[in-house]
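One structure is given here, and the rest of the page talks about it.
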Amino acid sequence: MKRLKLIAIASVIASPLLAQDNNSDSIINTAIQDEQAFTFTEAQLGEDDDMSQNVTIIHSNNNIYASQVGYLFSPVRFRYRAFNQKYNEIYINGAPMNDMESGQFRYSLVGGLNQQTRGVENSLPFEMNSFGMSAMAGSNNYNFRPSAMAQGQRITVAGANRNYRVRAMYTYNSGVNAKGWAFSANLTYRWANQGYVEGTFYNSLSYFLGVEKVFDSGHRLSLVTWGNPTERASQGAGTDETYWLANDRYYNPYWGYQNGEKRSSRIVTDWAPTAMFTWDWQINPTTKLTTTATGRYSSYKSTRLNYNNSDNPQPDYWKNLPSSHFNVWNENDVYYRTAQGLIDFNNVRDIWMSSKENRQIDFDKLYYSNKQAALQGSDAMYYIQARHNNNLNLTISTALQKELGRFAAFNTGINVATNKGIHYQTMEDLLGALSFHNINTYALGKYSADDPRVQYDTRHANAYVGVGDRFGYDYNILVDKANWWASYKYDRGRIHSFISGRIGGTQIARDGKMENGMAVGNSWGESKSAFFLDGGAKAGLHYNIGGGNVITIGAGYELRAPQASTAFVSPEINNDFVVNLKNEKVLSTEIGYQIQLPWMKANINGYYSKIKDVTEWQNFYFDDINSFSYVSMTGIDKVYYGVEWGINFKITNEFNIKTIGTISEAKNTNNAKVWYMSSTSGTFNDDNNHEIETVYNKDMREAGTPLTAASLILSYHKWGWFVDLNCNWYDRIYLSYSPSYRYEQTLKNRQAASQYTGEPVYDNDGNILESALAQQKGHGGFMLDLSVGRSLRLKRGKSISINLSITNLLNNQKIVTGGYEQSRSDYTGSGNTRAYQFAKNPKKYYAYGINGMLNIGYKF
């Protein structure tokens, strides 16, 4: 940070020597937008599979709140109206780019391409656009045509203390030459030997190549390709106990030492090379047809440390913590508040706090244990596995834009796509062991070694697993989609209105490549297909009262097909679809008011959205059944409502004061039905005539985003300078809830154990106590951000921009950005209580302390 500040000071001193242009606000705005486009996803959020990625990209020049909220609140992974990111749809050249299994857009797809993502058409939930019916959380269409890129060359260098330390970028755009050709290229490299969190690293090379031909006949053909091959080490969540022991809120349990060198057990390798061909046909001055064909093969691999017939090697495993020996929560616990327990507590605490090596993975010990096991002819006790989630995607989209006179326009289009999700597990490293076999070690003991149910693949029983070999599971998820949409707008006088609609179909199937012993005859080969017909309509009205006052109203209703990622009960085991799988029913409404005066611009919006028949899916280790559990919850109803505002006061021509914020609610409104399957039995909880169980998840809030957020912004722009001071407040941040903690049967078990824990579940009348279901929350708080920079025009069309952005200037490390409740019980399978209290030890992520980026760009 000292070096960043010295560079910034030097650049300020040198700036008067450069040619100046007092009318450089446009350059300033360009520089700011340049850094906002996808910067937060790679530099502040991390794109980790264990961290929430549900940050909504939304923007609108006509809405102060929406234009800034995505970037401004990104350090806490803010989501627009708390919606899941699948309700925010991303397009490129009119082609949908959201993942076809999860519905979410993966930011790594365009990581490092800040220059290419500057050209964008934004559409709020009740705004019409030219590429589809706007989604419930808005839609964004990025223009990747080379002719649309700003002509010239640009070199950008940035230094940061975030997930990466250095970024270098070169961009070339030729513009359209005399022969009608346009060329575009970009190369970006981001690197950190260690990121903000110890034990992480970042290594990424992004590229973009494009060519376009403009014909005199009104035709344009463009071909672009891009990718972002990345290798990075991940950060793990921790409990407050582990953060206290390490004296570090960014303690990371995923790394350790091997031969004195740091090594991470969680490494993500990600690359999604994409090719896109676009044909634009200007049929006549009022009619345009755009057709885009896209092909993409994404490769995503995430490693993790695992174990076999041995103790869990993770340093933060609950049995390795002091509080597993002494109950620090219940003073009346006579079993786990003993003199010996206190001695053990202090001993373990001292071990943790005496040396960093003691709270990290000991790879040398793992290698030694495996070598000893090999001498006895045993399989690996410890190993690193890799989970692969690859996708082959083909999409064709076509859209027609037609102006109908002076006051009306009509747009329509079709999207057709197919996706093959390729999911399997491989052996990444045997850590010095000589053998491993493809058997379900969790099922051994319950079944004999020669029982076919312990086989992950009965067609290749007891198969030897070497480095790079597939084991555990291997299956494909097949998704086909077709969608037709249309929209009509009418603008005349004081009325601006639109109506849009869509109709589509989704087909989902599973194709198993292993025959699991728990599901012989129902795991290998292609499953039956599930088909869902969906669609909907929405309308919006803007009425100009006069005097700068505008009232807006919007409403929509939609059926949305369930996501393939939640459609199967246990895709790693069998072909069974989730029971009672249905379309989501989505109702969304909005009313707003805007005012624009010479000295003030403001907008305030109130919204209400309701979703019925939501399906959610989880997979975790469930103590009550001593097995991994595949959990599906169906029939969930959700409600989202709130108020959001944005006000910009123009104090002088150079100085503005803005305020933006939201107070919202996002929660379940009913208790769902739950089905769960054990990985060691292959049976459901309602088998053998057991009743379908209820999970008491009513009033559980959407997690990982502040439901209350507000900002006061002081903005000064003059003579090429800009200084923005953002005072942000975040509150009501909930953690992801544990369904198993709220199962009907679990509540009964907790009540039986309450004589020891002192925490009853039911009152005297048999009603469930509110405290027994309370969802864990994270700490909010105040964060101060600063951005200062200068943009200058040089001779012959050249320019230079310098921007220093510092986030969390006051180094507030208490703000929680997300996390989850642990899905394990506070009692054993036999009903005995534990000293360690999982219910009181959720895993959390904390916002980075003071961090910054110095960005210097030179355009020529």
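Chain lettering (A, B, ...) mirrors the order of the structure tokens, residue numbering begins at 1 for each chain separately, and ligand numbering begins at 1 in order of display.
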
message: Quick one: residues within 6 Å of range 356-368 of chain A, only C-alpha atoms, excluding same-chain residues fewer than 2 positions away - as a ChimeraX atom specification?
response: /A:253,255-258,315,352,370-371,431-432

task: Find the spatial neighbours of Gln507 in chain A, counting only C-alpha atoms, within a cut-off of 12 Å - ignore same-chain residues fewer than 6 positions away - and output them as a list in words.
output: Met100, Glu101, Val416, Ala417, Thr418, Asn419, Lys420, Ile477, Leu478, Val479, Asp480, Lys481, Ala482, Ser527, Lys528, Ser529, Ala530, Phe531, Phe532, Leu533, Asp534, Ala561, Pro562, Gln563, Ala564 and Ala567 of chain A

Strand (DSSP E) residues, from DSSP on the backbone, in range 567-687 of chain A, as JSON, numbers by chain: {"A": [584, 585, 586, 587, 588, 589, 590, 591, 592, 593, 594, 595, 596, 597, 600, 601, 602, 603, 604, 605, 606, 607, 608, 609, 610, 611, 612, 613, 614, 615, 616, 617, 618, 619, 620, 621, 622, 627, 628, 629, 630, 631, 632, 633, 634, 635, 636, 637, 638, 639, 640, 641, 642, 643, 644, 645, 646, 647, 648, 649, 650, 655, 656, 657, 658, 659, 660, 661, 662, 663, 664, 665, 666, 667, 668, 672, 673, 674, 675, 676, 677, 678]}

query: Between CA of Asp699 in chain A and CA of Asn668 in chain A, what is the spacing in Å?
result: 4.9 Å

- prompt: Could you state the separation of CA of Tyr630 in chain A and CA of Glu526 in chain A in Å, given to one decimal place?
  reply: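 CA of Glu526 in chain A lies at a distance of 20.3 Å from CA of Tyr630 in chain A.
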
task: Could you please write out, as a VMD selection string, every residue of range 557-704 of chain A that DSSP assigns to helix (DSSP H, G or I)?
output: chain A and resid 564 to 566 623 to 625

Can you write just those residues out, N, CA and C atoms, as a compact mmCIF listing (two decimals), in the first residue's frame?
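The resulting file, result-v2.txt, is shown below:
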```
# COMPACT_ATOMS: atom_id res chain seq x y z
N ALA A 564 -31.56 -27.55 -13.83
CA ALA A 564 -31.06 -28.93 -13.88
C ALA A 564 -30.21 -29.25 -12.66
N SER A 565 -29.55 -28.24 -12.08
CA SER A 565 -28.69 -28.46 -10.91
C SER A 565 -29.48 -28.89 -9.68
N THR A 566 -30.80 -28.66 -9.68
CA THR A 566 -31.63 -29.06 -8.55
C THR A 566 -32.66 -30.12 -8.94
N ASP A 623 -24.80 -36.25 10.44
CA ASP A 623 -24.42 -37.09 11.56
C ASP A 623 -25.51 -38.07 11.98
N ASP A 624 -26.77 -37.63 11.90
CA ASP A 624 -27.86 -38.46 12.41
C ASP A 624 -27.94 -39.81 11.71
N ILE A 625 -27.47 -39.86 10.46
CA ILE A 625 -27.51 -41.12 9.71
C ILE A 625 -26.11 -41.61 9.38
```
